[in-house]
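One file, entry05.cif, is given below (mmCIF, C-alpha atoms and all ligand atoms).
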```cif
data_structure
#
loop_
_atom_site.group_PDB
_atom_site.id
_atom_site.type_symbol
_atom_site.label_atom_id
_atom_site.label_comp_id
_atom_site.auth_asym_id
_atom_site.auth_seq_id
_atom_site.Cartn_x
_atom_site.Cartn_y
_atom_site.Cartn_z
ATOM 1 C CA MET A 1 0.000 0.000 0.000
ATOM 2 C CA LYS A 2 1.486 3.306 -1.066
ATOM 3 C CA ASN A 3 1.465 6.001 1.568
ATOM 4 C CA LYS A 4 -0.428 8.658 -0.342
ATOM 5 C CA ILE A 5 -3.516 10.511 0.694
ATOM 6 C CA SER A 6 -6.385 10.115 -1.733
ATOM 7 C CA ALA A 7 -9.961 11.316 -1.649
ATOM 8 C CA MET A 8 -12.674 9.153 -0.193
ATOM 9 C CA PRO A 9 -14.471 8.604 -3.484
ATOM 10 C CA VAL A 10 -18.054 8.702 -2.136
ATOM 11 C CA ASN A 11 -20.166 10.648 0.356
ATOM 12 C CA ALA A 12 -22.555 9.293 3.016
ATOM 13 C CA GLN A 13 -25.226 8.721 0.340
ATOM 14 C CA GLY A 14 -22.779 6.559 -1.606
ATOM 15 C CA HIS A 15 -22.526 9.172 -4.379
ATOM 16 C CA LEU A 16 -19.245 10.045 -6.021
ATOM 17 C CA VAL A 17 -17.623 13.307 -4.888
ATOM 18 C CA PRO A 18 -14.957 15.478 -6.557
ATOM 19 C CA GLY A 19 -11.314 14.757 -5.682
ATOM 20 C CA LYS A 20 -8.133 16.790 -5.915
ATOM 21 C CA LEU A 21 -6.417 17.529 -9.236
ATOM 22 C CA SER A 22 -2.706 16.974 -9.856
ATOM 23 C CA PRO A 23 -0.590 19.807 -11.324
ATOM 24 C CA LYS A 24 -1.003 20.487 -15.048
ATOM 25 C CA ARG A 25 0.829 18.032 -17.323
ATOM 26 C CA GLU A 26 3.197 19.543 -19.865
ATOM 27 C CA VAL A 27 3.373 18.839 -23.585
ATOM 28 C CA PRO A 28 6.762 19.297 -25.304
ATOM 29 C CA THR A 29 6.847 22.328 -27.618
ATOM 30 C CA ARG A 30 7.685 20.094 -30.629
ATOM 31 C CA ILE A 31 4.108 18.719 -30.481
ATOM 32 C CA LYS A 32 1.658 20.886 -32.385
ATOM 33 C CA LYS A 33 -1.293 22.059 -30.288
ATOM 34 C CA PRO A 34 -4.831 22.535 -31.621
ATOM 35 C CA GLU A 35 -5.743 26.208 -32.200
ATOM 36 C CA TYR A 36 -8.152 26.313 -29.216
ATOM 37 C CA VAL A 37 -5.544 25.667 -26.516
ATOM 38 C CA GLY A 38 -5.265 28.750 -24.305
ATOM 39 C CA LYS A 39 -8.516 30.191 -25.692
ATOM 40 C CA PRO A 40 -11.995 30.052 -24.145
ATOM 41 C CA ALA A 41 -13.513 28.274 -27.167
ATOM 42 C CA PRO A 42 -12.489 26.744 -30.493
ATOM 43 C CA ALA A 43 -12.738 28.654 -33.779
ATOM 44 C CA PRO A 44 -15.911 27.825 -35.729
ATOM 45 C CA HIS A 45 -15.656 24.851 -38.117
ATOM 46 C CA THR A 46 -16.584 25.956 -41.626
ATOM 47 C CA THR A 47 -15.370 23.179 -43.925
ATOM 48 C CA GLY A 48 -18.067 20.537 -43.552
ATOM 49 C CA ASP A 49 -17.896 16.879 -42.528
ATOM 50 C CA ARG A 50 -16.602 15.165 -45.692
ATOM 51 C CA TYR A 51 -12.876 14.602 -46.185
ATOM 52 C CA ASP A 52 -10.694 13.632 -49.121
ATOM 53 C CA GLN A 53 -8.803 10.345 -48.915
ATOM 54 C CA ALA A 54 -5.534 12.015 -47.832
ATOM 55 C CA THR A 55 -7.239 13.673 -44.851
ATOM 56 C CA VAL A 56 -9.118 10.489 -43.964
ATOM 57 C CA GLY A 57 -5.686 8.817 -43.907
ATOM 58 C CA LYS A 58 -4.515 11.352 -41.333
ATOM 59 C CA ILE A 59 -7.675 10.898 -39.238
ATOM 60 C CA ARG A 60 -7.026 7.137 -39.407
ATOM 61 C CA VAL A 61 -3.556 7.673 -37.901
ATOM 62 C CA ALA A 62 -4.906 9.906 -35.089
ATOM 63 C CA SER A 63 -7.724 7.420 -34.454
ATOM 64 C CA GLN A 64 -5.320 4.468 -34.254
ATOM 65 C CA LEU A 65 -3.224 6.287 -31.659
ATOM 66 C CA ALA A 66 -6.323 7.101 -29.615
ATOM 67 C CA ALA A 67 -7.444 3.464 -29.886
ATOM 68 C CA ARG A 68 -4.066 2.120 -28.713
ATOM 69 C CA ALA A 69 -3.998 4.621 -25.847
ATOM 70 C CA LEU A 70 -7.499 3.562 -24.787
ATOM 71 C CA GLU A 71 -6.517 -0.117 -24.856
ATOM 72 C CA LEU A 72 -3.432 0.640 -22.767
ATOM 73 C CA ILE A 73 -5.349 2.689 -20.186
ATOM 74 C CA LEU A 74 -8.305 0.318 -19.801
ATOM 75 C CA GLY A 75 -5.904 -2.637 -19.625
ATOM 76 C CA SER A 76 -3.913 -0.989 -16.814
ATOM 77 C CA ALA A 77 -6.871 0.132 -14.676
ATOM 78 C CA LYS A 78 -6.886 -1.708 -11.322
ATOM 79 C CA ALA A 79 -8.518 -1.132 -7.932
ATOM 80 C CA GLY A 80 -6.329 1.175 -5.808
ATOM 81 C CA MET A 81 -5.124 3.295 -8.752
ATOM 82 C CA THR A 82 -6.432 6.836 -9.096
ATOM 83 C CA THR A 83 -8.118 8.247 -12.171
ATOM 84 C CA ASP A 84 -5.150 10.661 -12.318
ATOM 85 C CA ASP A 85 -2.834 7.624 -12.721
ATOM 86 C CA LEU A 86 -4.865 6.767 -15.857
ATOM 87 C CA ASP A 87 -4.538 10.350 -17.107
ATOM 88 C CA ARG A 88 -0.744 10.114 -16.785
ATOM 89 C CA ILE A 89 -0.661 6.834 -18.747
ATOM 90 C CA GLY A 90 -2.771 8.302 -21.564
ATOM 91 C CA HIS A 91 -0.916 11.614 -21.628
ATOM 92 C CA GLU A 92 2.523 9.988 -21.782
ATOM 93 C CA PHE A 93 1.476 7.496 -24.473
ATOM 94 C CA LEU A 94 0.115 10.189 -26.795
ATOM 95 C CA VAL A 95 3.025 12.560 -26.248
ATOM 96 C CA GLU A 96 5.598 9.773 -26.817
ATOM 97 C CA ASN A 97 3.866 9.092 -30.122
ATOM 98 C CA GLY A 98 3.908 12.720 -31.218
ATOM 99 C CA ALA A 99 0.229 13.485 -30.528
ATOM 100 C CA TYR A 100 -1.474 16.156 -28.422
ATOM 101 C CA PRO A 101 -4.219 14.984 -25.998
ATOM 102 C CA SER A 102 -7.145 16.943 -27.461
ATOM 103 C CA THR A 103 -9.083 17.447 -24.215
ATOM 104 C CA LEU A 104 -6.160 19.228 -22.474
ATOM 105 C CA GLY A 105 -7.174 22.902 -22.646
ATOM 106 C CA TYR A 106 -10.335 22.280 -24.694
ATOM 107 C CA ARG A 107 -12.758 24.959 -23.430
ATOM 108 C CA GLY A 108 -10.607 24.937 -20.289
ATOM 109 C CA PHE A 109 -10.829 21.176 -19.588
ATOM 110 C CA PRO A 110 -7.789 20.557 -17.340
ATOM 111 C CA LYS A 111 -6.724 16.965 -18.159
ATOM 112 C CA SER A 112 -5.656 14.722 -21.034
ATOM 113 C CA ILE A 113 -8.474 12.166 -20.812
ATOM 114 C CA CYS A 114 -11.989 12.007 -19.321
ATOM 115 C CA THR A 115 -12.604 9.392 -16.593
ATOM 116 C CA SER A 116 -16.261 8.754 -15.774
ATOM 117 C CA LEU A 117 -17.119 6.341 -12.938
ATOM 118 C CA ASN A 118 -20.457 4.702 -12.106
ATOM 119 C CA GLU A 119 -23.142 7.464 -12.098
ATOM 120 C CA VAL A 120 -20.866 9.828 -14.068
ATOM 121 C CA VAL A 121 -22.298 9.944 -17.593
ATOM 122 C CA CYS A 122 -19.331 11.695 -19.253
ATOM 123 C CA HIS A 123 -16.591 14.353 -18.958
ATOM 124 C CA GLY A 124 -15.349 13.250 -15.510
ATOM 125 C CA ILE A 125 -12.052 14.952 -14.616
ATOM 126 C CA PRO A 126 -9.150 12.691 -13.553
ATOM 127 C CA ASP A 127 -8.221 13.360 -9.911
ATOM 128 C CA ASP A 128 -7.141 11.453 -6.779
ATOM 129 C CA THR A 129 -10.319 9.348 -6.686
ATOM 130 C CA LEU A 130 -9.433 5.684 -6.139
ATOM 131 C CA LEU A 131 -10.773 2.990 -8.440
ATOM 132 C CA ARG A 132 -12.732 0.408 -6.453
ATOM 133 C CA ASP A 133 -13.723 -3.178 -7.142
ATOM 134 C CA GLY A 134 -17.044 -3.227 -9.022
ATOM 135 C CA ASP A 135 -16.764 0.311 -10.465
ATOM 136 C CA ILE A 136 -17.857 0.964 -14.031
ATOM 137 C CA LEU A 137 -14.969 2.975 -15.487
ATOM 138 C CA ASN A 138 -15.266 4.883 -18.753
ATOM 139 C CA VAL A 139 -12.184 6.432 -20.335
ATOM 140 C CA ASP A 140 -12.521 8.877 -23.244
ATOM 141 C CA ILE A 141 -9.388 9.892 -25.156
ATOM 142 C CA THR A 142 -8.820 11.950 -28.279
ATOM 143 C CA ALA A 143 -5.517 12.281 -30.163
ATOM 144 C CA TYR A 144 -4.548 15.312 -32.266
ATOM 145 C CA ILE A 145 -1.757 14.769 -34.779
ATOM 146 C CA ASP A 146 -1.000 16.177 -38.245
ATOM 147 C CA GLY A 147 -3.900 18.630 -37.936
ATOM 148 C CA VAL A 148 -6.684 16.150 -37.175
ATOM 149 C CA HIS A 149 -8.425 14.475 -34.220
ATOM 150 C CA GLY A 150 -9.464 10.839 -33.580
ATOM 151 C CA ASP A 151 -11.904 10.320 -30.687
ATOM 152 C CA THR A 152 -12.785 7.103 -28.821
ATOM 153 C CA ASN A 153 -14.002 5.838 -25.476
ATOM 154 C CA GLY A 154 -14.790 2.592 -23.735
ATOM 155 C CA SER A 155 -16.081 1.193 -20.466
ATOM 156 C CA VAL A 156 -14.822 -1.672 -18.280
ATOM 157 C CA ILE A 157 -15.676 -3.001 -14.847
ATOM 158 C CA ILE A 158 -12.909 -2.911 -12.237
ATOM 159 C CA GLY A 159 -12.528 -6.387 -10.681
ATOM 160 C CA GLU A 160 -15.817 -8.156 -10.180
ATOM 161 C CA GLY A 161 -19.014 -6.256 -11.055
ATOM 162 C CA SER A 162 -22.709 -6.816 -10.357
ATOM 163 C CA GLN A 163 -24.679 -8.670 -13.039
ATOM 164 C CA GLU A 164 -26.617 -5.472 -13.816
ATOM 165 C CA ALA A 165 -23.368 -3.556 -14.345
ATOM 166 C CA ILE A 166 -21.955 -6.328 -16.572
ATOM 167 C CA ASP A 167 -25.150 -6.362 -18.656
ATOM 168 C CA LEU A 168 -25.230 -2.555 -18.953
ATOM 169 C CA VAL A 169 -21.637 -2.387 -20.218
ATOM 170 C CA GLU A 170 -22.132 -5.234 -22.702
ATOM 171 C CA ARG A 171 -25.436 -3.869 -24.046
ATOM 172 C CA THR A 172 -24.104 -0.314 -24.343
ATOM 173 C CA LYS A 173 -21.298 -1.640 -26.552
ATOM 174 C CA GLU A 174 -23.834 -3.585 -28.607
ATOM 175 C CA ALA A 175 -26.005 -0.441 -28.887
ATOM 176 C CA MET A 176 -23.029 1.512 -30.251
ATOM 177 C CA HIS A 177 -22.354 -1.208 -32.843
ATOM 178 C CA ARG A 178 -26.025 -1.225 -33.886
ATOM 179 C CA GLY A 179 -25.791 2.542 -34.369
ATOM 180 C CA ILE A 180 -22.614 2.127 -36.420
ATOM 181 C CA ARG A 181 -24.157 -0.566 -38.647
ATOM 182 C CA ALA A 182 -27.136 1.731 -39.339
ATOM 183 C CA ALA A 183 -24.819 4.499 -40.638
ATOM 184 C CA LEU A 184 -25.105 3.822 -44.382
ATOM 185 C CA PRO A 185 -24.687 6.454 -47.094
ATOM 186 C CA GLY A 186 -27.981 7.904 -48.347
ATOM 187 C CA ARG A 187 -29.780 7.519 -44.995
ATOM 188 C CA GLU A 188 -30.557 10.316 -42.534
ATOM 189 C CA VAL A 189 -28.382 10.531 -39.401
ATOM 190 C CA SER A 190 -31.539 9.948 -37.318
ATOM 191 C CA VAL A 191 -31.409 6.222 -38.235
ATOM 192 C CA ILE A 192 -28.438 5.872 -35.895
ATOM 193 C CA GLY A 193 -30.229 6.985 -32.742
ATOM 194 C CA ARG A 194 -33.333 5.045 -33.724
ATOM 195 C CA ALA A 195 -31.280 1.822 -33.844
ATOM 196 C CA ILE A 196 -29.591 2.603 -30.524
ATOM 197 C CA GLU A 197 -32.687 3.637 -28.589
ATOM 198 C CA SER A 198 -34.905 0.810 -29.831
ATOM 199 C CA TYR A 199 -32.291 -1.683 -28.586
ATOM 200 C CA ALA A 200 -31.782 0.087 -25.209
ATOM 201 C CA LYS A 201 -35.551 0.251 -24.640
ATOM 202 C CA ARG A 202 -35.826 -3.553 -24.678
ATOM 203 C CA PHE A 203 -34.053 -3.522 -21.339
ATOM 204 C CA GLY A 204 -35.816 -0.463 -19.913
ATOM 205 C CA TYR A 205 -32.600 1.557 -20.059
ATOM 206 C CA GLY A 206 -32.375 5.363 -20.405
ATOM 207 C CA VAL A 207 -30.568 6.934 -23.369
ATOM 208 C CA ILE A 208 -28.895 10.302 -22.744
ATOM 209 C CA ARG A 209 -30.172 12.968 -25.148
ATOM 210 C CA ASP A 210 -28.262 16.139 -24.458
ATOM 211 C CA PHE A 211 -24.777 14.769 -25.182
ATOM 212 C CA THR A 212 -24.408 13.402 -28.681
ATOM 213 C CA GLY A 213 -22.069 12.060 -31.300
ATOM 214 C CA HIS A 214 -20.432 14.709 -33.481
ATOM 215 C CA GLY A 215 -18.502 15.431 -36.611
ATOM 216 C CA VAL A 216 -14.750 15.141 -35.948
ATOM 217 C CA GLY A 217 -11.642 15.580 -38.075
ATOM 218 C CA THR A 218 -9.931 18.918 -38.643
ATOM 219 C CA SER A 219 -11.999 20.147 -35.649
ATOM 220 C CA PHE A 220 -12.671 18.246 -32.391
ATOM 221 C CA HIS A 221 -16.423 18.974 -32.640
ATOM 222 C CA THR A 222 -17.495 20.257 -36.062
ATOM 223 C CA GLY A 223 -21.096 21.161 -35.207
ATOM 224 C CA LEU A 224 -22.661 18.109 -36.886
ATOM 225 C CA ILE A 225 -24.819 16.396 -34.244
ATOM 226 C CA ILE A 226 -25.473 12.653 -34.122
ATOM 227 C CA PRO A 227 -28.266 11.904 -31.623
ATOM 228 C CA HIS A 228 -28.347 8.540 -29.856
ATOM 229 C CA TYR A 229 -32.142 8.579 -29.357
ATOM 230 C CA ASP A 230 -34.979 8.592 -31.875
ATOM 231 C CA ALA A 231 -34.920 12.192 -33.171
ATOM 232 C CA PRO A 232 -36.370 12.382 -36.722
ATOM 233 C CA GLU A 233 -35.680 16.138 -36.906
ATOM 234 C CA TYR A 234 -31.965 15.343 -37.377
ATOM 235 C CA SER A 235 -32.331 14.718 -41.092
ATOM 236 C CA THR A 236 -28.806 15.371 -42.429
ATOM 237 C CA ILE A 237 -28.029 12.783 -45.115
ATOM 238 C CA ILE A 238 -25.085 10.485 -44.419
ATOM 239 C CA GLU A 239 -22.630 10.808 -47.319
ATOM 240 C CA THR A 240 -19.473 8.969 -48.349
ATOM 241 C CA GLY A 241 -16.345 10.663 -47.008
ATOM 242 C CA MET A 242 -18.073 11.839 -43.827
ATOM 243 C CA VAL A 243 -16.322 11.295 -40.498
ATOM 244 C CA PHE A 244 -18.197 11.451 -37.187
ATOM 245 C CA THR A 245 -18.483 9.744 -33.817
ATOM 246 C CA ILE A 246 -21.165 7.497 -32.386
ATOM 247 C CA GLU A 247 -20.933 7.466 -28.584
ATOM 248 C CA PRO A 248 -24.121 6.427 -26.754
ATOM 249 C CA MET A 249 -24.426 6.991 -23.004
ATOM 250 C CA ILE A 250 -26.936 4.525 -21.528
ATOM 251 C CA THR A 251 -28.271 4.381 -17.971
ATOM 252 C CA LEU A 252 -30.004 1.883 -15.686
ATOM 253 C CA GLY A 253 -32.512 4.634 -14.853
ATOM 254 C CA SER A 254 -33.674 7.898 -16.372
ATOM 255 C CA HIS A 255 -31.952 9.972 -19.076
ATOM 256 C CA GLU A 256 -32.043 13.098 -16.892
ATOM 257 C CA TRP A 257 -28.720 14.470 -15.703
ATOM 258 C CA ASP A 258 -27.033 16.912 -13.324
ATOM 259 C CA MET A 259 -23.694 18.697 -13.490
ATOM 260 C CA TRP A 260 -21.119 19.138 -10.734
ATOM 261 C CA GLU A 261 -19.939 22.621 -9.820
ATOM 262 C CA ASP A 262 -16.742 21.956 -11.797
ATOM 263 C CA GLY A 263 -18.834 22.684 -14.908
ATOM 264 C CA TRP A 264 -17.801 19.393 -16.535
ATOM 265 C CA THR A 265 -18.779 16.270 -14.620
ATOM 266 C CA VAL A 266 -22.191 15.060 -15.835
ATOM 267 C CA THR A 267 -23.999 12.544 -13.587
ATOM 268 C CA THR A 268 -27.328 10.792 -13.871
ATOM 269 C CA LYS A 269 -29.919 12.805 -11.911
ATOM 270 C CA ASP A 270 -31.155 9.635 -10.184
ATOM 271 C CA LYS A 271 -27.525 8.511 -9.600
ATOM 272 C CA SER A 272 -28.184 5.311 -11.547
ATOM 273 C CA LEU A 273 -25.238 3.526 -13.170
ATOM 274 C CA THR A 274 -24.284 4.510 -16.699
ATOM 275 C CA ALA A 275 -21.906 3.269 -19.416
ATOM 276 C CA GLN A 276 -20.621 4.602 -22.738
ATOM 277 C CA PHE A 277 -18.689 3.466 -25.815
ATOM 278 C CA GLU A 278 -17.423 5.636 -28.672
ATOM 279 C CA HIS A 279 -15.891 5.141 -32.085
ATOM 280 C CA THR A 280 -14.889 7.564 -34.816
ATOM 281 C CA ILE A 281 -16.245 6.241 -38.114
ATOM 282 C CA HIS A 282 -15.671 7.043 -41.794
ATOM 283 C CA ILE A 283 -18.508 6.498 -44.266
ATOM 284 C CA THR A 284 -17.553 4.550 -47.384
ATOM 285 C CA LYS A 285 -19.803 3.445 -50.257
ATOM 286 C CA ASP A 286 -19.843 -0.015 -48.682
ATOM 287 C CA GLY A 287 -20.751 1.277 -45.218
ATOM 288 C CA PRO A 288 -19.016 2.518 -42.085
ATOM 289 C CA GLU A 289 -15.285 2.019 -41.490
ATOM 290 C CA ILE A 290 -14.413 2.105 -37.781
ATOM 291 C CA LEU A 291 -11.271 4.246 -37.546
ATOM 292 C CA THR A 292 -10.741 3.813 -33.781
ATOM 293 C CA GLU A 293 -10.680 0.002 -33.710
ATOM 294 C CA ALA A 294 -7.149 -0.876 -32.473
ATOM 295 C CA LYS A 295 -5.397 -2.828 -35.257
HETATM 296 N N1 LIG B 1 -14.078 13.234 -26.113
HETATM 297 C C1 LIG B 1 -15.338 13.806 -25.718
HETATM 298 C C2 LIG B 1 -16.313 13.475 -26.814
HETATM 299 O O1 LIG B 1 -16.475 12.331 -27.081
HETATM 300 C C3 LIG B 1 -15.259 15.289 -25.491
HETATM 301 C C4 LIG B 1 -14.524 15.645 -24.280
HETATM 302 S S1 LIG B 1 -14.449 17.334 -24.193
HETATM 303 C C5 LIG B 1 -13.789 17.589 -22.685
HETATM 304 O O2 LIG B 1 -16.857 14.295 -27.500
HETATM 305 F F1 LIG B 1 -13.526 18.834 -22.667
HETATM 306 F F2 LIG B 1 -14.653 17.194 -21.764
HETATM 307 F F3 LIG B 1 -12.722 16.904 -22.532
HETATM 308 CO CO CO B 2 -16.688 12.327 -29.118
HETATM 309 CO CO CO B 3 -14.672 11.178 -26.884
#
```

Full structure transcribed into structure tokens:
Amino acid sequence: MKNKISAMPVNAQGHLVPGKLSPKREVPTRIKKPEYVGKPAPAPHTTGDRYDQATVGKIRVASQLAARALELILGSAKAGMTTDDLDRIGHEFLVENGAYPSTLGYRGFPKSICTSLNEVVCHGIPDDTLLRDGDILNVDITAYIDGVHGDTNGSVIIGEGSQEAIDLVERTKEAMHRGIRAALPGREVSVIGRAIESYAKRFGYGVIRDFTGHGVGTSFHTGLIIPHYDAPEYSTIIETGMVFTIEPMITLGSHEWDMWEDGWTVTTKDKSLTAQFEHTIHITKDGPEILTEAK
């Protein structure tokens, strides 16, 4: 047992509480930073969501790095580590491979990955919170290299989980893959959320509405929105050459959410467990290509 003081991760109600952040991690000056670092918000994206083959090739490289980083982090996560330990692993991996961790300094986000435990839906900030046996851990990591971003996330259970947690994680992954398979050129983007929500509903799960998939590539979030619930008003046609994420957040309870005072950490309002998976995909004439599958 290391002699370091870490936050008690929960309060008397058993709900997660904020921990303490480590000092800011540095990125060597040789690594190119996205334009938004040090600014309150990114510049508007004006170039659409379709990319030529050369740019898709670059997004593939960024996506592969993000995928390998995610595999490394989720494979290292053990009870007794802190979420900040995971941030260090992800940060060092990306930097060693010449990439910038896209979340670091994005709209002021202070860390290189997002770590979302149990009732945290998304955008949890790595801190001195200890991982515990049975936790659902989600890690979200985005790599920026050669002018483009690749964005992925995944969930695992630390040690032995409850059957309901195991089922939630497995079915959330399946829901993401159903959404991906629905993303065929010529269809409206709303088919994706319809596929995801109709599957989640079988189990009585909630599907988060206010956080969505998004166009990604030369910008981290291009403005294109990919809902994960049935929302026919999102009628943009899926076209070949498009790149976007599909990243459903699914809960054991309601889809309503709360935010911590840090302005980032999103939790389920009813504090029910939640899981998420994310891939960056590229639309080809034959269907979706998953760019963030580790090869
Ligand atoms: N990677 C997240 C997504 O999937 C965005 C994180 S933004 C941050 O869109 F600022 F919270 F890091
Ligand atoms: Co994303
Ligand atoms: Co992400």

## Note on the structure
Counting only C-alpha atoms and all ligand atoms, the residue among A:Val156, A:Ala183, A:Cys122, A:Met242 that lies closest to ligand CO 3 (chain B) is A:Cys122

Kindly list the centre and edge lengths in Å, rounded to one decimal, for the axis-aligned box that covers all listed atoms of ligand LIG 1 (chain B) plus 6 Å on each of its six sides, as JSON.
```
{"center_x": -14.8, "center_y": 15.6, "center_z": -24.6, "size_x": 16.1, "size_y": 18.5, "size_z": 17.7}
```

Rows by chain and residue number, region 137-183 of chain A within 10 Å of region 23-43 of chain A, shortest pair, all atoms listed in the file, as CSV:
```
residue,atom,partner,partner_atom,distance
A:Tyr144,CA,A:Pro34,CA,7.3
A:Ile145,CA,A:Lys32,CA,7.4
A:Asp146,CA,A:Lys32,CA,8.0
A:Gly147,CA,A:Pro34,CA,7.5
A:Val148,CA,A:Pro34,CA,8.7
A:His149,CA,A:Pro34,CA,9.2
```

#### Entry: Residue among A:Val17, A:Leu184, A:Ala67, A:Ile141 lying closest to ligand LIG 1 (chain B), counting only C-alpha atoms and all ligand atoms
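Answer, going by the shortest atom-to-atom distance: A:Ile141.
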
### Message
List as a PyMOL selection string the protein and nucleic acid residues near region 108-113 of chain A, meaning an atom at most 7 Å away when all atoms listed in the file are counted, but skip any in the same chain fewer than 4 places from it.
### Response
chain A and resi 40+87+90-91+101-104+125-126+139-141

As a PDB file with C-alpha atoms, keeping the file's coordinate frame, please: every protein or nucleic acid residue near ligand CO 2 (chain B) (cut-off 10 Å, counting only C-alpha atoms and all ligand atoms).
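So out.pdb came out as:
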```
ATOM      1  CA  ASP A 140     -12.521   8.877 -23.244  1.00  0.00           C
ATOM      2  CA  ILE A 141      -9.388   9.892 -25.156  1.00  0.00           C
ATOM      3  CA  THR A 142      -8.820  11.950 -28.279  1.00  0.00           C
ATOM      4  CA  HIS A 149      -8.425  14.475 -34.220  1.00  0.00           C
ATOM      5  CA  GLY A 150      -9.464  10.839 -33.580  1.00  0.00           C
ATOM      6  CA  ASP A 151     -11.904  10.320 -30.687  1.00  0.00           C
ATOM      7  CA  THR A 152     -12.785   7.103 -28.821  1.00  0.00           C
ATOM      8  CA  ASN A 153     -14.002   5.838 -25.476  1.00  0.00           C
ATOM      9  CA  PHE A 211     -24.777  14.769 -25.182  1.00  0.00           C
ATOM     10  CA  THR A 212     -24.408  13.402 -28.681  1.00  0.00           C
ATOM     11  CA  GLY A 213     -22.069  12.060 -31.300  1.00  0.00           C
ATOM     12  CA  HIS A 214     -20.432  14.709 -33.481  1.00  0.00           C
ATOM     13  CA  GLY A 215     -18.502  15.431 -36.611  1.00  0.00           C
ATOM     14  CA  VAL A 216     -14.750  15.141 -35.948  1.00  0.00           C
ATOM     15  CA  PHE A 220     -12.671  18.246 -32.391  1.00  0.00           C
ATOM     16  CA  HIS A 221     -16.423  18.974 -32.640  1.00  0.00           C
ATOM     17  CA  PHE A 244     -18.197  11.451 -37.187  1.00  0.00           C
ATOM     18  CA  THR A 245     -18.483   9.744 -33.817  1.00  0.00           C
ATOM     19  CA  ILE A 246     -21.165   7.497 -32.386  1.00  0.00           C
ATOM     20  CA  GLU A 247     -20.933   7.466 -28.584  1.00  0.00           C
ATOM     21  CA  PRO A 248     -24.121   6.427 -26.754  1.00  0.00           C
ATOM     22  CA  PHE A 277     -18.689   3.466 -25.815  1.00  0.00           C
ATOM     23  CA  GLU A 278     -17.423   5.636 -28.672  1.00  0.00           C
ATOM     24  CA  HIS A 279     -15.891   5.141 -32.085  1.00  0.00           C
ATOM     25  CA  THR A 280     -14.889   7.564 -34.816  1.00  0.00           C
TER      26      THR A 280
END
```

### Query
So how many Å separate CA of Gln64 (chain A) and CA of Ile89 (chain A), to one decimal?
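Between CA of Gln64 (chain A) and CA of Ile89 (chain A) the gap works out to 16.4 Å.
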
#### Entry: Distance of CA of His228 (chain A) from CA of Trp264 (chain A), expressed in Å to one decimal place
20.2 Å

### Message
Once the PyMOL selection byres (((chain A and resi 241) around 10) and not hetatm) is applied to the coordinates I shared, what remains selected? I want it as a PyMOL selection string.
### Response
chain A and resi 49-53+55-56+185+238-240+242-243+281-285+288

### Query
What is the distance, in Å and to one decimal place, between CA of Leu130 (chain A) and CA of Glu261 (chain A)?
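The value is 20.3 Å.
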
### Task
Within 9 Å of Asp135 (chain A), counting all atoms listed in the file, which residues show up once you throw out same-chain ones fewer than 4 positions away? Write them as a list in words, please.
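Answer for this query is Ala79, Leu117, Asn118, Leu131, Val156, Ile157, Ile158, Gly159, Glu160, Gly161 and Ala165 of chain A.
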
So that I can check the surroundings of Asp230 (chain A), please list as a short mmCIF file (atom, residue, chain, number, x, y, z; two decimals) with C-alpha atoms, in the coordinates of the input every protein, DNA and RNA residue that reaches within 12 Å of it, counting all atoms listed in the file and ignoring chain neighbours fewer than 6 positions away.
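Saved to result_18.cif:
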```cif
data_model
loop_
_atom_site.label_atom_id
_atom_site.label_comp_id
_atom_site.auth_asym_id
_atom_site.auth_seq_id
_atom_site.Cartn_x
_atom_site.Cartn_y
_atom_site.Cartn_z
CA GLY A 179 -25.79 2.54 -34.37
CA GLU A 188 -30.56 10.32 -42.53
CA VAL A 189 -28.38 10.53 -39.40
CA SER A 190 -31.54 9.95 -37.32
CA VAL A 191 -31.41 6.22 -38.24
CA ILE A 192 -28.44 5.87 -35.90
CA GLY A 193 -30.23 6.98 -32.74
CA ARG A 194 -33.33 5.04 -33.72
CA ALA A 195 -31.28 1.82 -33.84
CA ILE A 196 -29.59 2.60 -30.52
CA GLU A 197 -32.69 3.64 -28.59
CA SER A 198 -34.90 0.81 -29.83
CA TYR A 199 -32.29 -1.68 -28.59
CA ALA A 200 -31.78 0.09 -25.21
CA LYS A 201 -35.55 0.25 -24.64
CA VAL A 207 -30.57 6.93 -23.37
CA ILE A 208 -28.90 10.30 -22.74
CA ARG A 209 -30.17 12.97 -25.15
#
```

### Task
Find the residue from A:Glu119, A:Asp210, A:Glu289, A:Asp85 that sits nearest to ligand LIG 1 (chain B); use all atoms listed in the file when measuring.
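Comparing A:Glu119, A:Asp210, A:Glu289, A:Asp85 against ligand LIG 1 (chain B), the winner is A:Asp210.
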